[in-house]
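As stored in structure.txt (compact mmCIF, C-alpha atoms):
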```txt
# COMPACT_ATOMS: atom_id res chain seq x y z
CA MET A 1 187.88 89.28 51.81
CA ASN A 2 188.46 92.33 53.98
CA THR A 3 187.80 94.59 51.00
CA LYS A 4 184.44 92.86 50.39
CA LYS A 5 183.44 93.24 54.05
CA GLY A 6 184.45 96.90 53.90
CA LEU A 7 182.29 97.50 50.81
CA ASN A 8 179.33 95.75 52.45
CA SER A 9 179.74 97.94 55.52
CA LEU A 10 179.84 101.08 53.36
CA HIS A 11 176.68 100.01 51.50
CA PHE A 12 174.93 99.36 54.81
CA LEU A 13 175.94 102.76 56.19
CA LYS A 14 174.80 104.43 52.99
CA ARG A 15 171.38 102.77 53.19
CA LEU A 16 171.12 103.68 56.88
CA CYS A 17 171.95 107.32 56.15
CA ASN A 18 169.41 107.42 53.30
CA PHE A 19 166.74 105.98 55.60
CA ALA A 20 167.57 108.47 58.34
CA GLY A 21 167.45 111.30 55.79
CA ILE A 22 164.00 110.23 54.59
CA MET A 23 162.71 110.01 58.16
CA MET A 24 164.04 113.47 58.98
CA GLU A 25 162.53 114.87 55.80
CA ASN A 26 159.15 113.33 56.65
CA LEU A 27 159.19 114.74 60.17
CA THR A 28 160.33 118.14 58.93
CA GLY A 29 157.41 118.09 56.51
CA GLU A 30 155.02 117.25 59.36
CA ALA A 31 156.41 120.02 61.52
CA HIS A 32 156.12 122.71 58.85
CA ARG A 33 152.69 122.07 57.35
CA PRO A 34 150.81 125.39 57.05
CA GLY A 35 147.33 126.05 58.38
CA ARG A 36 144.95 123.77 56.53
CA ILE A 37 141.79 121.68 56.82
CA GLU A 38 141.90 117.93 56.16
CA VAL A 39 138.69 115.87 56.11
CA VAL A 40 138.57 112.08 56.39
CA CYS A 41 135.03 110.87 55.68
CA GLY A 42 133.10 107.74 54.76
CA SER A 43 130.70 105.17 56.17
CA MET A 44 130.97 103.41 59.52
CA PHE A 45 133.71 100.78 59.86
CA SER A 46 135.76 102.45 57.09
CA GLY A 47 138.77 103.43 59.24
CA LYS A 48 138.08 107.16 59.63
CA THR A 49 139.03 107.34 63.30
CA GLU A 50 142.02 105.06 62.76
CA GLU A 51 143.33 107.42 60.07
CA LEU A 52 142.72 110.45 62.28
CA ILE A 53 144.68 108.82 65.12
CA ARG A 54 147.50 107.90 62.72
CA ARG A 55 147.88 111.50 61.52
CA MET A 56 147.71 112.89 65.05
CA LYS A 57 150.37 110.48 66.31
CA ARG A 58 152.68 111.44 63.42
CA ALA A 59 152.27 115.10 64.29
CA LYS A 60 152.97 114.35 67.94
CA PHE A 61 156.07 112.36 66.97
CA ALA A 62 157.22 115.45 65.05
CA ARG A 63 157.08 117.31 68.38
CA GLN A 64 154.10 119.44 67.49
CA LYS A 65 151.53 120.60 70.02
CA VAL A 66 148.44 118.53 69.31
CA GLU A 67 144.97 118.36 70.80
CA ILE A 68 142.10 116.12 69.77
CA PHE A 69 138.41 116.70 70.47
CA LYS A 70 135.23 114.68 70.24
CA PRO A 71 131.52 115.38 70.91
CA SER A 72 130.65 114.70 74.54
CA ILE A 73 127.69 112.51 73.49
CA ASP A 74 130.08 109.88 72.06
CA THR A 75 130.73 107.57 75.01
CA ARG A 76 130.61 104.22 73.20
CA TYR A 77 134.09 103.02 74.17
CA SER A 78 135.30 105.69 76.57
CA ASP A 79 134.17 108.96 78.12
CA GLU A 80 137.42 110.68 77.18
CA ASP A 81 139.51 108.58 74.80
CA ILE A 82 138.88 108.37 71.08
CA VAL A 83 138.80 104.68 70.21
CA SER A 84 138.60 103.19 66.72
CA HIS A 85 136.70 99.98 65.93
CA ASP A 86 139.97 98.03 66.07
CA ARG A 87 140.58 99.47 69.57
CA THR A 88 143.36 101.91 68.65
CA SER A 89 143.00 104.85 71.03
CA ILE A 90 144.24 108.34 71.80
CA ARG A 91 143.44 110.78 74.61
CA SER A 92 140.85 113.43 73.72
CA THR A 93 138.84 116.29 75.18
CA PRO A 94 135.03 115.91 75.02
CA ILE A 95 133.19 119.15 74.19
CA ASP A 96 129.52 120.11 73.79
CA SER A 97 129.77 122.69 71.02
CA SER A 98 132.11 123.87 68.26
CA GLY A 99 132.57 127.24 69.94
CA SER A 100 134.65 125.61 72.68
CA LEU A 101 137.34 124.77 70.13
CA LEU A 102 138.49 128.36 69.72
CA LEU A 103 139.14 128.62 73.45
CA LEU A 104 140.67 125.20 73.99
CA ALA A 105 142.80 125.12 70.83
CA SER A 106 144.86 128.23 71.53
CA ASP A 107 148.61 127.73 71.14
CA ILE A 108 148.05 124.36 69.38
CA ASP A 109 149.73 123.32 66.13
CA VAL A 110 147.40 120.47 65.13
CA VAL A 111 143.75 120.03 66.09
CA GLY A 112 141.95 116.73 65.57
CA ILE A 113 138.15 116.43 65.57
CA ASP A 114 136.44 113.04 65.60
CA GLU A 115 132.76 112.25 64.86
CA ALA A 116 132.40 115.76 63.45
CA GLN A 117 128.93 115.01 62.05
CA PHE A 118 127.54 115.32 65.59
CA PHE A 119 128.70 118.94 65.99
CA ASP A 120 126.70 122.05 65.14
CA ASP A 121 127.05 123.90 61.83
CA GLY A 122 129.25 126.49 63.51
CA LEU A 123 132.10 123.98 63.22
CA VAL A 124 132.66 125.11 59.63
CA SER A 125 133.45 128.69 60.63
CA VAL A 126 135.52 127.55 63.62
CA CYS A 127 137.70 125.28 61.48
CA ASN A 128 138.20 128.08 58.95
CA GLN A 129 139.32 130.45 61.70
CA LEU A 130 141.76 127.91 63.10
CA ALA A 131 143.25 127.15 59.67
CA ASN A 132 143.58 130.87 58.92
CA ARG A 133 145.53 131.21 62.18
CA GLY A 134 148.01 128.62 60.94
CA VAL A 135 146.53 125.58 62.68
CA ARG A 136 146.35 122.24 60.89
CA VAL A 137 142.82 120.90 61.43
CA ILE A 138 142.15 117.19 60.85
CA ILE A 139 138.49 116.17 60.84
CA ALA A 140 136.93 112.70 60.75
CA GLY A 141 133.25 111.96 60.38
CA LEU A 142 130.36 110.30 58.58
CA ASP A 143 129.50 112.06 55.34
CA MET A 144 126.01 110.47 55.21
CA ASP A 145 123.44 109.33 57.77
CA PHE A 146 121.66 105.95 57.79
CA GLN A 147 119.25 107.20 55.11
CA GLY A 148 122.04 108.17 52.73
CA LEU A 149 121.57 111.91 53.32
CA PRO A 150 124.42 114.45 53.89
CA PHE A 151 125.19 114.48 57.60
CA GLY A 152 125.70 117.58 59.74
CA PRO A 153 128.56 119.97 58.88
CA ILE A 154 130.63 117.34 57.02
CA PRO A 155 129.50 118.31 53.45
CA ALA A 156 130.33 121.99 54.08
CA LEU A 157 133.66 121.04 55.64
CA CYS A 158 134.50 118.98 52.54
CA ALA A 159 133.77 122.07 50.42
CA ILE A 160 136.23 124.32 52.27
CA ALA A 161 138.87 121.66 53.00
CA ASP A 162 142.35 121.74 51.50
CA ASP A 163 142.29 117.95 51.31
CA VAL A 164 139.46 115.38 51.44
CA THR A 165 140.08 111.65 51.90
CA LYS A 166 137.12 109.35 51.24
CA VAL A 167 137.62 106.00 52.95
CA HIS A 168 135.51 102.88 52.45
CA ALA A 169 134.39 99.92 54.48
CA ILE A 170 133.59 96.61 52.79
CA CYS A 171 129.97 95.74 51.98
CA VAL A 172 128.93 92.86 54.23
CA LYS A 173 126.61 91.49 51.53
CA CYS A 174 128.84 91.28 48.45
CA GLY A 175 132.36 92.46 49.37
CA ALA A 176 132.30 95.61 47.22
CA LEU A 177 133.30 99.03 48.54
CA ALA A 178 130.67 100.22 51.00
CA TYR A 179 128.61 103.31 50.25
CA VAL A 180 126.44 103.88 53.31
CA SER A 181 125.87 102.78 56.92
CA HIS A 182 122.63 100.79 56.96
CA ARG A 183 120.75 100.82 60.27
CA LEU A 184 119.71 97.35 61.44
CA VAL A 185 117.40 98.42 64.26
CA HIS A 186 114.04 100.09 63.83
CA ASN A 187 114.58 103.64 65.02
CA ASP A 188 113.94 106.86 63.08
CA ARG A 189 116.18 109.09 65.21
CA ARG A 190 118.91 110.58 63.05
CA VAL A 191 121.52 110.38 65.82
CA LEU A 192 121.72 106.88 67.24
CA LEU A 193 125.08 105.74 68.60
CA GLY A 194 125.82 102.14 67.77
CA GLU A 195 128.19 99.49 66.49
CA LYS A 196 127.90 96.24 64.53
CA MET A 197 124.67 95.29 66.29
CA GLU A 198 123.02 98.49 65.04
CA TYR A 199 124.73 99.22 61.69
CA GLU A 200 126.24 97.44 58.72
CA PRO A 201 128.22 98.88 55.76
CA LEU A 202 126.57 98.29 52.37
CA CYS A 203 127.44 99.18 48.78
CA ARG A 204 124.93 101.22 46.78
CA ASP A 205 123.43 98.21 44.99
CA CYS A 206 122.96 96.11 48.13
CA TYR A 207 121.59 99.13 50.01
CA GLN A 208 118.90 99.65 47.35
CA LYS A 209 117.99 95.94 47.51
CA VAL A 210 117.71 96.07 51.30
CA LEU A 211 115.51 99.17 51.17
CA LYS A 212 113.23 97.42 48.68
CA GLU A 213 113.01 94.34 50.92
CA GLU A 214 112.22 96.49 53.98
CA LYS A 215 109.45 98.35 52.14
CA GLU A 216 107.99 95.05 50.97
CA HIS A 217 108.11 93.72 54.53
CA GLU A 218 106.31 96.81 55.87
CA ARG A 219 103.66 96.53 53.15
CA THR A 220 103.10 92.87 53.99
CA LYS A 221 102.70 93.72 57.70
CA ASP A 222 100.00 96.26 56.84
CA TYR A 223 97.94 93.57 55.12
CA VAL A 224 98.21 91.08 57.98
```

Take the structure I supplied and represent it as structure tokens, if you would.
Amino acid sequence: MNTKKGLNSLHFLKRLCNFAGIMMENLTGEAHRPGRIEVVCGSMFSGKTEELIRRMKRAKFARQKVEIFKPSIDTRYSDEDIVSHDRTSIRSTPIDSSGSLLLLASDIDVVGIDEAQFFDDGLVSVCNQLANRGVRVIIAGLDMDFQGLPFGPIPALCAIADDVTKVHAICVKCGALAYVSHRLVHNDRRVLLGEKMEYEPLCRDCYQKVLKEEKEHERTKDYV
């Protein structure tokens, strides 16, 4: 009986040591990632910000110096915090232009950038410079606007990135993987901050059907 208990204890210690070894290996990997650019893109409600926060928290847990930035126009949930749709949050620094990153990100190991589609095109060069200096740059943003067109610097960032992760929301019409963020309110401005009252994720097929219905509705109004 004692022998059996002893063997069970040894097996438990072995599993514990293996687990600890894996955790240490993961954190060592986080702490020694070279300068690189990672892009997380997709439609609204797809988990982009949540994934950005997850990666930043892992880097912080690995005792790296991290800093996260967002465009100052994004005040939907908080003036300073970055907040995902499921209310996960992390402290951030609001900035007006991409040029500020080079000054504020000095002596930083990992830089996070949320809602990158709202920044100027200079963000591409800035991210390249940071990565070439050995900084890990993690970017989250919409790859397309409400009309299904490439949005801001995101397409160019995807082209120069070391890694691109395309995430998907679920189409509210049919349950398929969402393709685009459809705007529910009548407003032609390209930049319009909003949530579920203003946007809905749709797959390609449902988006085309909705566009057709909207055009038909507009044509009917013209005849009335």

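Considering the residues A:Glu115, A:Val110, A:Val180, A:Pro150 and counting all atoms listed in the file, Arg133 of chain A has its shortest atom-to-atom contact with A:Val110.
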
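In terms of minimum interatomic distance to Val167 of chain A, A:Lys48 ranks closest within A:Lys60, A:Arg36, A:Lys48, A:Arg55, counting only C-alpha atoms.
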
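Picture a line from atom CA of Gly134 of chain A to atom CA of Cys158 of chain A; it runs 18.6 Å.
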
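Note that atom CA of Glu51 of chain A and atom CA of Lys166 of chain A are 11.0 Å apart.
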
Within 9 Å of (131.9, 117.7, 75.3), all atoms listed in the file: residues as JSON, numbers by chain?
-> {"A": [69, 70, 71, 72, 73, 74, 93, 94, 95, 96, 97, 100]}

9 Å contact set for Glu38 of chain A, all atoms listed in the file, chain neighbours under 5 positions out, as JSON, numbers by chain | {"A": [136, 137, 138, 139, 140, 157, 158, 161, 162, 163, 164, 165]}

So which residues touch Lys65 of chain A within 9 Å, counting only C-alpha atoms, skipping near sequence neighbours fewer than 2 positions away, as a ChimeraX atom specification?
-> /A:59-60,63,67,107-111

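For the pair atom CA of Ser43 of chain A and atom CA of Leu102 of chain A, the interatomic distance is 28.0 Å.
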
List the neighbours of Ala156 of chain A out to 10 Å using all atoms listed in the file; skip same-chain residues closer than 6 positions along the sequence, and give me the result as an NGL selection string.
-> :A and (121 or 123-125 or 150)

Compile the contact shell of Lys57 of chain A as a PyMOL selection string: residues with an atom at most 9 Å away, counting only C-alpha atoms, same-chain residues fewer than 5 positions apart removed.
-> chain A and resi 52+62+66+90
